[in-house]
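**Q** coords26.pdb is reproduced in full below (PDB, C-alpha atoms, pLDDT in the B column).
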ATOM      1  CA  MET A   1      17.029 -38.565  80.174  1.00 77.00           C
ATOM      2  CA  ALA A   2      13.576 -38.736  78.552  1.00 79.00           C
ATOM      3  CA  MET A   3      12.448 -35.929  80.837  1.00 85.00           C
ATOM      4  CA  VAL A   4      15.574 -33.873  80.213  1.00 89.00           C
ATOM      5  CA  GLY A   5      15.378 -34.474  76.471  1.00 88.00           C
ATOM      6  CA  THR A   6      11.727 -33.414  76.352  1.00 89.00           C
ATOM      7  CA  LEU A   7      12.321 -30.246  78.361  1.00 92.00           C
ATOM      8  CA  VAL A   8      15.413 -29.305  76.344  1.00 94.00           C
ATOM      9  CA  HIS A   9      13.482 -29.891  73.104  1.00 95.00           C
ATOM     10  CA  GLU A  10      10.642 -27.635  74.272  1.00 95.00           C
ATOM     11  CA  ALA A  11      13.157 -25.064  75.510  1.00 96.00           C
ATOM     12  CA  GLY A  12      14.482 -24.894  71.937  1.00 97.00           C
ATOM     13  CA  HIS A  13      11.030 -23.920  70.706  1.00 97.00           C
ATOM     14  CA  ILE A  14      10.673 -21.369  73.507  1.00 98.00           C
ATOM     15  CA  LEU A  15      14.068 -19.766  72.877  1.00 98.00           C
ATOM     16  CA  VAL A  16      13.222 -19.202  69.227  1.00 98.00           C
ATOM     17  CA  ALA A  17       9.663 -18.031  69.952  1.00 98.00           C
ATOM     18  CA  GLU A  18      10.747 -15.535  72.579  1.00 98.00           C
ATOM     19  CA  GLY A  19      13.720 -14.480  70.477  1.00 98.00           C
ATOM     20  CA  LEU A  20      11.244 -13.581  67.731  1.00 98.00           C
ATOM     21  CA  GLY A  21       9.084 -11.690  70.235  1.00 98.00           C
ATOM     22  CA  TYR A  22       6.331 -14.227  70.968  1.00 98.00           C
ATOM     23  CA  PRO A  23       5.756 -14.953  74.655  1.00 97.00           C
ATOM     24  CA  ALA A  24       5.792 -18.708  75.341  1.00 97.00           C
ATOM     25  CA  THR A  25       4.903 -21.077  78.162  1.00 96.00           C
ATOM     26  CA  LEU A  26       6.324 -24.501  78.948  1.00 94.00           C
ATOM     27  CA  HIS A  27       4.220 -27.570  79.716  1.00 90.00           C
ATOM     28  CA  TYR A  28       5.383 -31.143  80.325  1.00 85.00           C
ATOM     29  CA  GLY A  29       5.268 -32.218  76.666  1.00 85.00           C
ATOM     30  CA  TRP A  30       4.618 -29.100  74.635  1.00 90.00           C
ATOM     31  CA  MET A  31       4.852 -25.354  74.649  1.00 94.00           C
ATOM     32  CA  ASN A  32       2.450 -22.595  73.693  1.00 94.00           C
ATOM     33  CA  HIS A  33       3.336 -19.287  72.137  1.00 96.00           C
ATOM     34  CA  ALA A  34       1.483 -16.212  70.979  1.00 95.00           C
ATOM     35  CA  PRO A  35       0.200 -16.420  67.386  1.00 95.00           C
ATOM     36  CA  ALA A  36       2.989 -16.025  64.843  1.00 96.00           C
ATOM     37  CA  PRO A  37       2.988 -15.591  61.064  1.00 96.00           C
ATOM     38  CA  GLU A  38       3.896 -18.670  59.024  1.00 94.00           C
ATOM     39  CA  ARG A  39       7.496 -17.602  58.384  1.00 94.00           C
ATOM     40  CA  HIS A  40       8.111 -17.340  62.134  1.00 97.00           C
ATOM     41  CA  ALA A  41       6.127 -20.498  62.930  1.00 96.00           C
ATOM     42  CA  VAL A  42       8.563 -22.486  60.774  1.00 96.00           C
ATOM     43  CA  TRP A  43      11.550 -21.228  62.794  1.00 97.00           C
ATOM     44  CA  ILE A  44       9.762 -21.877  66.083  1.00 97.00           C
ATOM     45  CA  LEU A  45       8.973 -25.437  64.993  1.00 96.00           C
ATOM     46  CA  LEU A  46      12.599 -25.981  63.971  1.00 96.00           C
ATOM     47  CA  GLY A  47      13.790 -24.820  67.402  1.00 97.00           C
ATOM     48  CA  GLY A  48      12.905 -28.077  69.179  1.00 96.00           C
ATOM     49  CA  PRO A  49      14.431 -30.614  66.785  1.00 95.00           C
ATOM     50  CA  GLY A  50      17.301 -28.196  66.169  1.00 96.00           C
ATOM     51  CA  MET A  51      18.074 -28.171  69.887  1.00 97.00           C
ATOM     52  CA  ASN A  52      18.085 -31.988  70.005  1.00 96.00           C
ATOM     53  CA  MET A  53      20.304 -32.300  66.945  1.00 97.00           C
ATOM     54  CA  GLY A  54      22.620 -29.537  68.138  1.00 97.00           C
ATOM     55  CA  ILE A  55      23.140 -31.104  71.557  1.00 97.00           C
ATOM     56  CA  GLY A  56      23.544 -34.529  69.923  1.00 95.00           C
ATOM     57  CA  THR A  57      26.208 -33.201  67.564  1.00 97.00           C
ATOM     58  CA  LEU A  58      28.047 -31.425  70.375  1.00 97.00           C
ATOM     59  CA  GLY A  59      27.906 -34.645  72.410  1.00 94.00           C
ATOM     60  CA  ALA A  60      29.394 -36.618  69.514  1.00 93.00           C
ATOM     61  CA  LEU A  61      32.230 -34.121  69.141  1.00 94.00           C
ATOM     62  CA  LEU A  62      32.970 -34.284  72.867  1.00 93.00           C
ATOM     63  CA  LEU A  63      32.779 -38.070  72.743  1.00 89.00           C
ATOM     64  CA  ALA A  64      35.314 -38.152  69.913  1.00 89.00           C
ATOM     65  CA  VAL A  65      37.677 -35.916  71.914  1.00 90.00           C
ATOM     66  CA  TRP A  66      37.180 -38.115  74.976  1.00 87.00           C
ATOM     67  CA  VAL A  67      38.116 -41.246  73.001  1.00 83.00           C
ATOM     68  CA  ARG A  68      41.086 -39.537  71.373  1.00 85.00           C
ATOM     69  CA  ARG A  69      42.425 -38.471  74.779  1.00 86.00           C
ATOM     70  CA  GLY A  70      42.422 -42.011  76.098  1.00 81.00           C
ATOM     71  CA  ARG A  71      38.964 -42.229  77.685  1.00 77.00           C
ATOM     72  CA  GLN A  72      39.976 -40.412  80.846  1.00 79.00           C
ATOM     73  CA  ARG A  73      37.325 -39.335  83.331  1.00 83.00           C
ATOM     74  CA  LEU A  74      34.491 -41.768  82.772  1.00 82.00           C
ATOM     75  CA  TRP A  75      31.823 -39.209  83.745  1.00 85.00           C
ATOM     76  CA  VAL A  76      32.856 -36.998  80.805  1.00 87.00           C
ATOM     77  CA  GLY A  77      32.470 -39.905  78.391  1.00 84.00           C
ATOM     78  CA  ALA A  78      29.125 -40.864  79.917  1.00 84.00           C
ATOM     79  CA  MET A  79      27.743 -37.324  79.647  1.00 89.00           C
ATOM     80  CA  ALA A  80      29.007 -36.961  76.080  1.00 89.00           C
ATOM     81  CA  PHE A  81      27.498 -40.353  75.199  1.00 87.00           C
ATOM     82  CA  LEU A  82      24.105 -39.351  76.636  1.00 87.00           C
ATOM     83  CA  ALA A  83      24.249 -36.008  74.830  1.00 92.00           C
ATOM     84  CA  THR A  84      24.998 -37.810  71.547  1.00 91.00           C
ATOM     85  CA  LEU A  85      21.842 -39.852  72.047  1.00 89.00           C
ATOM     86  CA  PHE A  86      19.762 -36.654  71.805  1.00 92.00           C
ATOM     87  CA  TRP A  87      19.820 -37.572  68.112  1.00 93.00           C
ATOM     88  CA  SER A  88      17.687 -40.619  68.936  1.00 89.00           C
ATOM     89  CA  ARG A  89      14.489 -38.556  68.670  1.00 88.00           C
ATOM     90  CA  GLN A  90      15.041 -38.231  64.935  1.00 91.00           C
ATOM     91  CA  LEU A  91      15.810 -41.935  64.634  1.00 88.00           C
ATOM     92  CA  PHE A  92      12.688 -42.862  66.624  1.00 86.00           C
ATOM     93  CA  ASN A  93      10.489 -40.584  64.485  1.00 86.00           C
ATOM     94  CA  ALA A  94      11.887 -41.987  61.231  1.00 87.00           C
ATOM     95  CA  VAL A  95      11.414 -45.587  62.383  1.00 85.00           C
ATOM     96  CA  MET A  96       7.860 -44.925  63.581  1.00 83.00           C
ATOM     97  CA  TRP A  97       6.963 -43.145  60.334  1.00 84.00           C
ATOM     98  CA  THR A  98       8.380 -46.043  58.308  1.00 82.00           C
ATOM     99  CA  ALA A  99       6.790 -48.777  60.444  1.00 82.00           C
ATOM    100  CA  ALA A 100       3.383 -47.224  61.137  1.00 76.00           C
ATOM    101  CA  GLY A 101       2.901 -45.192  57.980  1.00 69.00           C
ATOM    102  CA  ALA A 102       2.817 -41.500  57.243  1.00 60.00           C
ATOM    103  CA  GLY A 103      -0.816 -41.159  58.306  1.00 61.00           C
ATOM    104  CA  THR A 104       0.046 -41.881  61.933  1.00 62.00           C
ATOM    105  CA  ALA A 105       2.986 -39.478  62.200  1.00 64.00           C
ATOM    106  CA  GLN A 106       2.752 -36.589  64.630  1.00 74.00           C
ATOM    107  CA  GLY A 107       4.989 -33.847  65.923  1.00 83.00           C
ATOM    108  CA  ASP A 108       7.049 -30.939  64.753  1.00 91.00           C
ATOM    109  CA  GLU A 109       8.166 -32.543  61.507  1.00 87.00           C
ATOM    110  CA  VAL A 110       4.555 -33.167  60.439  1.00 86.00           C
ATOM    111  CA  ARG A 111       3.649 -29.530  61.051  1.00 89.00           C
ATOM    112  CA  LEU A 112       6.819 -28.341  59.306  1.00 91.00           C
ATOM    113  CA  ALA A 113       6.107 -30.463  56.235  1.00 89.00           C
ATOM    114  CA  ALA A 114       2.549 -29.120  56.110  1.00 89.00           C
ATOM    115  CA  LEU A 115       3.656 -25.495  56.493  1.00 91.00           C
ATOM    116  CA  LEU A 116       6.309 -25.850  53.800  1.00 92.00           C
ATOM    117  CA  GLY A 117       4.199 -28.024  51.501  1.00 92.00           C
ATOM    118  CA  VAL A 118       6.750 -30.859  51.317  1.00 92.00           C
ATOM    119  CA  ASN A 119       6.615 -34.606  51.899  1.00 90.00           C
ATOM    120  CA  LEU A 120       7.182 -35.612  55.511  1.00 87.00           C
ATOM    121  CA  GLY A 121      10.032 -37.830  54.388  1.00 88.00           C
ATOM    122  CA  ALA A 122      11.956 -34.690  53.417  1.00 89.00           C
ATOM    123  CA  PHE A 123      12.621 -34.201  57.139  1.00 88.00           C
ATOM    124  CA  LEU A 124      12.469 -37.683  58.588  1.00 90.00           C
ATOM    125  CA  VAL A 125      14.626 -39.599  56.116  1.00 91.00           C
ATOM    126  CA  PRO A 126      17.751 -37.397  56.139  1.00 94.00           C
ATOM    127  CA  THR A 127      17.648 -36.721  59.884  1.00 94.00           C
ATOM    128  CA  GLY A 128      16.913 -40.413  60.550  1.00 93.00           C
ATOM    129  CA  VAL A 129      19.944 -41.449  58.502  1.00 95.00           C
ATOM    130  CA  VAL A 130      22.207 -38.983  60.293  1.00 96.00           C
ATOM    131  CA  ALA A 131      20.749 -40.055  63.666  1.00 94.00           C
ATOM    132  CA  THR A 132      21.457 -43.707  62.825  1.00 92.00           C
ATOM    133  CA  GLY A 133      25.062 -42.773  62.137  1.00 93.00           C
ATOM    134  CA  PHE A 134      25.547 -40.809  65.358  1.00 93.00           C
ATOM    135  CA  CYS A 135      23.718 -43.263  67.632  1.00 89.00           C
ATOM    136  CA  GLY A 136      25.282 -46.312  65.970  1.00 87.00           C
ATOM    137  CA  TRP A 137      28.769 -44.829  66.195  1.00 87.00           C
ATOM    138  CA  ALA A 138      28.261 -43.953  69.857  1.00 86.00           C
ATOM    139  CA  CYS A 139      26.964 -47.429  70.763  1.00 82.00           C
ATOM    140  CA  VAL A 140      29.034 -49.713  68.567  1.00 77.00           C
ATOM    141  CA  GLY A 141      32.122 -47.689  67.765  1.00 69.00           C
ATOM    142  CA  LEU A 142      32.776 -46.388  71.234  1.00 71.00           C
ATOM    143  CA  VAL A 143      31.304 -48.939  73.577  1.00 67.00           C
ATOM    144  CA  GLY A 144      32.304 -51.979  71.572  1.00 64.00           C
ATOM    145  CA  TRP A 145      30.375 -54.497  69.536  1.00 61.00           C
ATOM    146  CA  ARG A 146      30.106 -57.125  72.294  1.00 65.00           C
ATOM    147  CA  ARG A 147      28.576 -54.666  74.756  1.00 63.00           C
ATOM    148  CA  SER A 148      26.397 -52.837  72.234  1.00 66.00           C
ATOM    149  CA  PRO A 149      23.364 -55.178  72.191  1.00 74.00           C
ATOM    150  CA  GLY A 150      22.905 -54.801  75.943  1.00 75.00           C
ATOM    151  CA  LEU A 151      23.442 -51.081  75.741  1.00 70.00           C
ATOM    152  CA  ALA A 152      20.968 -50.761  72.880  1.00 70.00           C
ATOM    153  CA  VAL A 153      18.309 -52.844  74.636  1.00 76.00           C
ATOM    154  CA  GLY A 154      18.887 -50.988  77.903  1.00 77.00           C
ATOM    155  CA  GLY A 155      18.744 -47.644  76.125  1.00 72.00           C
ATOM    156  CA  VAL A 156      15.503 -48.468  74.345  1.00 73.00           C
ATOM    157  CA  MET A 157      13.901 -49.861  77.516  1.00 81.00           C
ATOM    158  CA  GLY A 158      15.083 -46.904  79.579  1.00 78.00           C
ATOM    159  CA  SER A 159      13.791 -44.476  76.970  1.00 77.00           C
ATOM    160  CA  LEU A 160      10.389 -46.154  76.829  1.00 78.00           C
ATOM    161  CA  LEU A 161      10.093 -46.306  80.624  1.00 86.00           C
ATOM    162  CA  GLY A 162      11.283 -42.712  80.946  1.00 82.00           C
ATOM    163  CA  PHE A 163       8.851 -41.576  78.269  1.00 81.00           C
ATOM    164  CA  ALA A 164       5.945 -43.395  79.938  1.00 85.00           C
ATOM    165  CA  GLY A 165       6.898 -42.125  83.383  1.00 89.00           C
ATOM    166  CA  TRP A 166       7.262 -38.523  82.264  1.00 87.00           C
ATOM    167  CA  TYR A 167       4.178 -38.306  80.048  1.00 84.00           C
ATOM    168  CA  GLY A 168       1.994 -40.647  82.093  1.00 90.00           C
ATOM    169  CA  TRP A 169       2.789 -39.573  85.616  1.00 91.00           C
ATOM    170  CA  LEU A 170       5.506 -37.098  86.575  1.00 91.00           C
ATOM    171  CA  GLY A 171       5.204 -34.543  83.772  1.00 90.00           C
ATOM    172  CA  PRO A 172       1.538 -33.691  84.331  1.00 92.00           C
ATOM    173  CA  VAL A 173       2.254 -33.260  88.048  1.00 91.00           C
ATOM    174  CA  VAL A 174       5.363 -31.081  87.648  1.00 88.00           C
ATOM    175  CA  LEU A 175       4.347 -29.023  84.581  1.00 86.00           C
ATOM    176  CA  PRO A 176       0.574 -29.285  83.961  1.00 82.00           C
TER     177      PRO A 176
END
Once more with this new file: its structure as structure tokens, please.
**A**
Amino acid sequence: MAMVGTLVHEAGHILVAEGLGYPATLHYGWMNHAPAPERHAVWILLGGPGMNMGIGTLGALLLAVWVRRGRQRLWVGAMAFLATLFWSRQLFNAVMWTAAGAGTAQGDEVRLAALLGVNLGAFLVPTGVVATGFCGWACVGLVGWRRSPGLAVGGVMGSLLGFAGWYGWLGPVVLP
């Protein structure tokens, strides 16, 4: 899912860039686009996180419907659960910013804050809080408290291994 999440995130940037008329190319962990004025650069930057949060929200809605309908068709619940976890990027970024300090932060939110002249926390705190709610609800509220620690540890380990595998090995081979 780390690979899928990364590619979907970058596709969000590309969709906005090309929709605004700026040709774009996809790489394994980033995208490039033709130079754009600041007002368009903001929208292009928002495209990636917006895609993650949009898919995560859609996943949560589908997960709620799945639970309400009696948890039929396990594959539907699993796919909705994984889609909900697209919010985890915002949670990860907020935790890293809090733990490591603002000076070490990287990514779209850092560039957005700089372009808009606002504190980085203006993006990371609210989206981190919402992400905590979505991811926590999906893990604890739907899976059950007794199973949640294993799911959380497995999810974190899988994400880290997927991230390392995609960025350290497979991504540069598939999309240099």
**Q** Can you list what the PyMOL selection byres ((chain A and resi 87-102) around 10) grabs from this structure, as JSON, numbers by chain?
**A** {"A": [2, 5, 6, 9, 49, 50, 51, 52, 53, 54, 55, 56, 57, 59, 60, 82, 83, 84, 85, 86, 103, 104, 105, 106, 107, 109, 110, 119, 120, 121, 123, 124, 125, 126, 127, 128, 129, 130, 131, 132, 133, 134, 135, 136, 156, 159]}
**Q** Here is a test: counting all atoms listed in the file, which residue of A:Ala152, A:Arg68, A:Gly29, A:Val42 is nearest to Val4 of chain A?
**A**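 The closest residue to Val4 of chain A is A:Gly29.
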**Q** Selected by the PyMOL selection byres ((chain A and resi 13-18) around 7) in the shown coordinates: which residues, as a ChimeraX atom specification?
**A** /A:9-12,19-24,33,43-45,47-48
**Q** Check what the PyMOL selection byres ((chain A and resi 67) around 12) selects in the file above and give those residues as a PyMOL selection string.
**A** chain A and resi 60-66+68-74+76-78+80-81+138+141-143
**Q** Could you tell me which of A:Ala41, A:Ala164, A:Leu7, A:Leu58 comes closest to Leu26 of chain A if we count all atoms listed in the file?
**A**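 Of A:Ala41, A:Ala164, A:Leu7, A:Leu58, the one nearest Leu26 of chain A, counting all atoms listed in the file, is A:Leu7.
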**Q** Separation of atom CA of Leu151 of chain A and atom CA of Leu170 of chain A, in Å?
**A**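 Value for the atom CA of Leu151 of chain A-atom CA of Leu170 of chain A distance: 25.2 Å.
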**Q** Using atom CA of Gly155 of chain A and atom CA of Cys139 of chain A as the two end points, give the distance in Å to one decimal.
**A**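 Interatomic distance here is 9.8 Å.
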**Q** Between atom CA of Asn32 of chain A and atom CA of Val118 of chain A, what is the spacing in Å?
**A** 24.2 Å
**Q** Under the rule that all atoms listed in the file are counted, which of A:Ala36, A:Met31, A:Leu46, A:Val8 is the nearest residue to Ala113 of chain A?
**A**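 Among A:Ala36, A:Met31, A:Leu46, A:Val8, it is A:Leu46 that comes nearest to Ala113 of chain A.
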**Q** Edge lengths and centre in Å to one decimal, as AutoDock Vina command-line options, of the axis-aligned box that encloses all listed atoms of segment 10-16 of chain A with 8 Å added on every side?
**A**
--center_x 12.6 --center_y -23.4 --center_z 72.4 --size_x 19.8 --size_y 24.4 --size_z 22.3
**Q** Go through A:Ala114, A:Val153, A:Tyr28, A:Asp108 and flag the residue nearest Gly168 of chain A, using all atoms listed in the file for the distances.
**A**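 Between A:Ala114, A:Val153, A:Tyr28, A:Asp108, the residue approaching Gly168 of chain A most closely is A:Tyr28.
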